[in-house]
Amino acid sequence: MQMEPQMEPQMEPQMEPQMEPKTKASTDLRVLPADNVEYGTHEYWQRRYAQEENEMFDWFKTYKDLEPLFEQHISRRDARILMLGCGNSTLSSDMYAAGYENIVNVDYSDVVIAQMRQRCAHQAKMTWEVMDVRQLALADASVDVAIDKGTLDALMCDKGDSWNPPPELCKNVAAEVDEVDRVLAPGGKFIWITFGQPHFHKRHLVRESWSLEIERLNDGGFDYFVYIMTKKARPAGAQ
């Protein structure tokens with residue numbers, strides 16, 4: 001039986017981002033939830049980001065760790081990239097500095113979107129939008145790459161049986177995955193970075209519209225998994 005996701009203790013400390021003003025990784029225990037289930041609530045994130053006004057925090061991996069992965073799977077620097085549940089991560093800013101400038105950052109916390117819009121104002125080509133990943137206000141087939149680093153994991157935090165997750169959890173996860181499927185262009189990729197093991201999480205990702213492959217990241221310590229969904233081309237004559 002899988003242990004409940006212990007998200008916060010397994011996060012790696014981020015390197016100090018090269019941004020103005022300088023920020024630091026959040027290590028303040030005051031932002032930890034009383035129960036992991038809170039990770040799936042809007043109220044928790046509003047409160048947390050208000051407490052982290054001058055801080056940034058990266059779940060799982062930083063751009064430095066993920067650069068080889070992105071070099072392999074994102075073929076164009078001008079690809080339109082959707083950052084799902086961007087939070088106050090350094091990832092978008094670091095990707096922008098590396099040449100990926102066409103990034104749409106979305107999060108359902110208006111608190112963090114306001115903070116990041118101001119913090120990254122000097123990186124003017126990417127946008128910051130208040131948006132729920134389960135109901136994306138984006139056109140069909142309008143995104144080349146969608147990246148999730150911790151957002152689906154938050155939706156999966158629950159006290160239920162990992163082998164038989166509760167219907168509400170499955171509904172929320174399916175809502176995000178289906179929305180990504182809708183907005184992803186043919187040939188586009190959905191990249192999910194997580195510590196979630198395939199025997200628990202793969203079933204949530206299976207769709208007729210894309211292929212699915214799984215890679216493992218291990219820097220000598222904790223295992224991370226990367227799920228890569230590649231959207232199939234439309235059949236000839238399809239609308």
# chains A, B, ... in the order shown; residues from 1 in each chain; ligands from 1
$ select_by_dssp --residues "range 165-209 of chain A" --states "helix (DSSP H, G or I)" --output "list in words"
Pro167, Glu168, Leu169, Cys170, Lys171, Asn172, Val173, Ala174, Ala175, Glu176, Val177, Asp178, Glu179, Val180, Asp181, Arg182, Val183, Pro198, His199, Phe200, His201, Lys202, Arg203 and His204 of chain A
$ write_last_selection --atoms "N, CA, C and O atoms" --output "CSV table (one decimal), in the first residue's frame"
chain,number,residue,atom,x,y,z
A,167,PRO,N,-13.9,8.9,-5.8
A,167,PRO,CA,-14.4,9.5,-7.0
A,167,PRO,C,-14.1,10.9,-7.2
A,167,PRO,O,-13.8,11.4,-8.3
A,168,GLU,N,-14.1,11.7,-6.1
A,168,GLU,CA,-13.8,13.2,-6.2
A,168,GLU,C,-12.4,13.4,-6.7
A,168,GLU,O,-12.1,14.3,-7.5
A,169,LEU,N,-11.4,12.6,-6.2
A,169,LEU,CA,-10.1,12.8,-6.6
A,169,LEU,C,-9.9,12.4,-8.1
A,169,LEU,O,-9.3,13.2,-8.9
A,170,CYS,N,-10.5,11.3,-8.5
A,170,CYS,CA,-10.5,10.9,-9.9
A,170,CYS,C,-11.1,12.0,-10.8
A,170,CYS,O,-10.6,12.3,-11.9
A,171,LYS,N,-12.2,12.6,-10.3
A,171,LYS,CA,-12.9,13.6,-11.1
A,171,LYS,C,-12.0,14.8,-11.3
A,171,LYS,O,-11.9,15.4,-12.4
A,172,ASN,N,-11.3,15.3,-10.3
A,172,ASN,CA,-10.5,16.5,-10.4
A,172,ASN,C,-9.3,16.2,-11.2
A,172,ASN,O,-8.9,17.1,-12.0
A,173,VAL,N,-8.6,15.0,-11.1
A,173,VAL,CA,-7.5,14.7,-11.9
A,173,VAL,C,-7.9,14.6,-13.4
A,173,VAL,O,-7.2,15.1,-14.3
A,174,ALA,N,-9.0,13.9,-13.6
A,174,ALA,CA,-9.5,13.8,-15.0
A,174,ALA,C,-9.8,15.1,-15.6
A,174,ALA,O,-9.5,15.3,-16.8
A,175,ALA,N,-10.3,16.0,-14.8
A,175,ALA,CA,-10.6,17.4,-15.4
A,175,ALA,C,-9.4,18.1,-15.9
A,175,ALA,O,-9.4,18.7,-17.0
A,176,GLU,N,-8.3,18.0,-15.1
A,176,GLU,CA,-7.1,18.7,-15.6
A,176,GLU,C,-6.5,17.9,-16.8
A,176,GLU,O,-6.2,18.6,-17.8
A,177,VAL,N,-6.4,16.6,-16.8
A,177,VAL,CA,-5.9,15.9,-17.9
A,177,VAL,C,-6.7,16.1,-19.2
A,177,VAL,O,-6.1,16.3,-20.2
A,178,ASP,N,-8.0,16.1,-19.0
A,178,ASP,CA,-8.9,16.3,-20.2
A,178,ASP,C,-8.7,17.7,-20.8
A,178,ASP,O,-8.7,17.8,-22.0
A,179,GLU,N,-8.5,18.7,-19.9
A,179,GLU,CA,-8.3,20.0,-20.4
A,179,GLU,C,-7.0,20.1,-21.1
A,179,GLU,O,-6.9,20.8,-22.2
A,180,VAL,N,-6.0,19.5,-20.6
A,180,VAL,CA,-4.7,19.5,-21.3
A,180,VAL,C,-4.8,18.8,-22.7
A,180,VAL,O,-4.3,19.3,-23.7
A,181,ASP,N,-5.5,17.7,-22.7
A,181,ASP,CA,-5.7,17.0,-23.9
A,181,ASP,C,-6.4,17.9,-25.0
A,181,ASP,O,-6.1,17.9,-26.1
A,182,ARG,N,-7.4,18.7,-24.5
A,182,ARG,CA,-8.1,19.6,-25.4
A,182,ARG,C,-7.3,20.7,-26.0
A,182,ARG,O,-7.3,21.0,-27.2
A,183,VAL,N,-6.4,21.3,-25.1
A,183,VAL,CA,-5.7,22.5,-25.6
A,183,VAL,C,-4.4,22.1,-26.3
A,183,VAL,O,-3.7,23.0,-26.9
A,198,PRO,N,4.3,4.8,-11.3
A,198,PRO,CA,3.4,4.5,-12.4
A,198,PRO,C,2.2,3.5,-12.1
A,198,PRO,O,1.1,3.7,-12.6
A,199,HIS,N,2.4,2.6,-11.1
A,199,HIS,CA,1.4,1.7,-10.9
A,199,HIS,C,0.2,2.3,-10.2
A,199,HIS,O,-0.9,1.8,-10.1
A,200,PHE,N,0.4,3.6,-9.6
A,200,PHE,CA,-0.7,4.3,-9.1
A,200,PHE,C,-1.2,5.4,-10.0
A,200,PHE,O,-2.4,5.7,-10.0
A,201,HIS,N,-0.4,6.0,-10.8
A,201,HIS,CA,-0.7,7.2,-11.6
A,201,HIS,C,-0.9,7.0,-13.1
A,201,HIS,O,-1.6,7.8,-13.7
A,202,LYS,N,-0.4,6.0,-13.7
A,202,LYS,CA,-0.5,5.8,-15.1
A,202,LYS,C,-1.9,5.8,-15.6
A,202,LYS,O,-2.3,6.3,-16.6
A,203,ARG,N,-2.8,5.1,-14.8
A,203,ARG,CA,-4.2,4.9,-15.2
A,203,ARG,C,-4.9,6.2,-15.4
A,203,ARG,O,-5.9,6.3,-16.2
A,204,HIS,N,-4.5,7.3,-14.7
A,204,HIS,CA,-5.2,8.6,-14.8
A,204,HIS,C,-4.8,9.3,-16.1
A,204,HIS,O,-5.5,10.3,-16.5
$ closest_atom_pairs --of "range 94-157 of chain A" --to "range 184-193 of chain A" --cutoff "12 Å" --atoms "only C-alpha atoms" --output "JSON lines"
{"residue": "A:Leu136", "atom": "CA", "partner": "A:Leu184", "partner_atom": "CA", "distance": 11.4}
{"residue": "A:Leu138", "atom": "CA", "partner": "A:Leu184", "partner_atom": "CA", "distance": 9.9}
{"residue": "A:Ala139", "atom": "CA", "partner": "A:Leu184", "partner_atom": "CA", "distance": 9.2}
{"residue": "A:Asp140", "atom": "CA", "partner": "A:Leu184", "partner_atom": "CA", "distance": 7.0}
{"residue": "A:Ala141", "atom": "CA", "partner": "A:Ala185", "partner_atom": "CA", "distance": 3.9}
{"residue": "A:Ser142", "atom": "CA", "partner": "A:Ala185", "partner_atom": "CA", "distance": 5.8}
{"residue": "A:Val143", "atom": "CA", "partner": "A:Leu184", "partner_atom": "CA", "distance": 4.8}
{"residue": "A:Asp144", "atom": "CA", "partner": "A:Gly188", "partner_atom": "CA", "distance": 4.5}
{"residue": "A:Val145", "atom": "CA", "partner": "A:Lys189", "partner_atom": "CA", "distance": 4.8}
{"residue": "A:Ala146", "atom": "CA", "partner": "A:Phe190", "partner_atom": "CA", "distance": 4.7}
{"residue": "A:Ile147", "atom": "CA", "partner": "A:Ile191", "partner_atom": "CA", "distance": 4.9}
{"residue": "A:Asp148", "atom": "CA", "partner": "A:Trp192", "partner_atom": "CA", "distance": 4.7}
{"residue": "A:Lys149", "atom": "CA", "partner": "A:Ile193", "partner_atom": "CA", "distance": 4.9}
{"residue": "A:Gly150", "atom": "CA", "partner": "A:Ile193", "partner_atom": "CA", "distance": 7.1}
{"residue": "A:Thr151", "atom": "CA", "partner": "A:Trp192", "partner_atom": "CA", "distance": 9.0}
{"residue": "A:Leu152", "atom": "CA", "partner": "A:Trp192", "partner_atom": "CA", "distance": 8.2}
{"residue": "A:Asp153", "atom": "CA", "partner": "A:Ile193", "partner_atom": "CA", "distance": 9.3}
$ closest_residue --among "A:Tyr49, A:Tyr96, A:Phe70, A:Phe60" --to "Asp110 in chain A" --atoms "only C-alpha atoms"
A:Tyr49
$ atom_distance --atom1 "CA of Leu91 in chain A" --atom2 "CA of Thr62 in chain A"
6.2 Å
$ residues_around --residues "Asn88 in chain A" --least-positions-apart "6" --cutoff "12 Å" --atoms "only C-alpha atoms" --output "JSON, numbers by chain"
{"A": [14, 17, 23, 24, 25, 26, 45, 46, 48, 49, 50, 51, 52, 53, 54, 55, 56, 57, 58, 59, 105, 106, 107, 109, 110, 111, 112, 113, 114, 115, 116, 117, 118, 119, 120, 128, 149, 150]}
$ atom_distance --atom1 "CA of Leu82 in chain A" --atom2 "CA of Ile103 in chain A"
5.9 Å
$ atom_distance --atom1 "CA of Tyr108 in chain A" --atom2 "CA of Asp65 in chain A"
26.1 Å
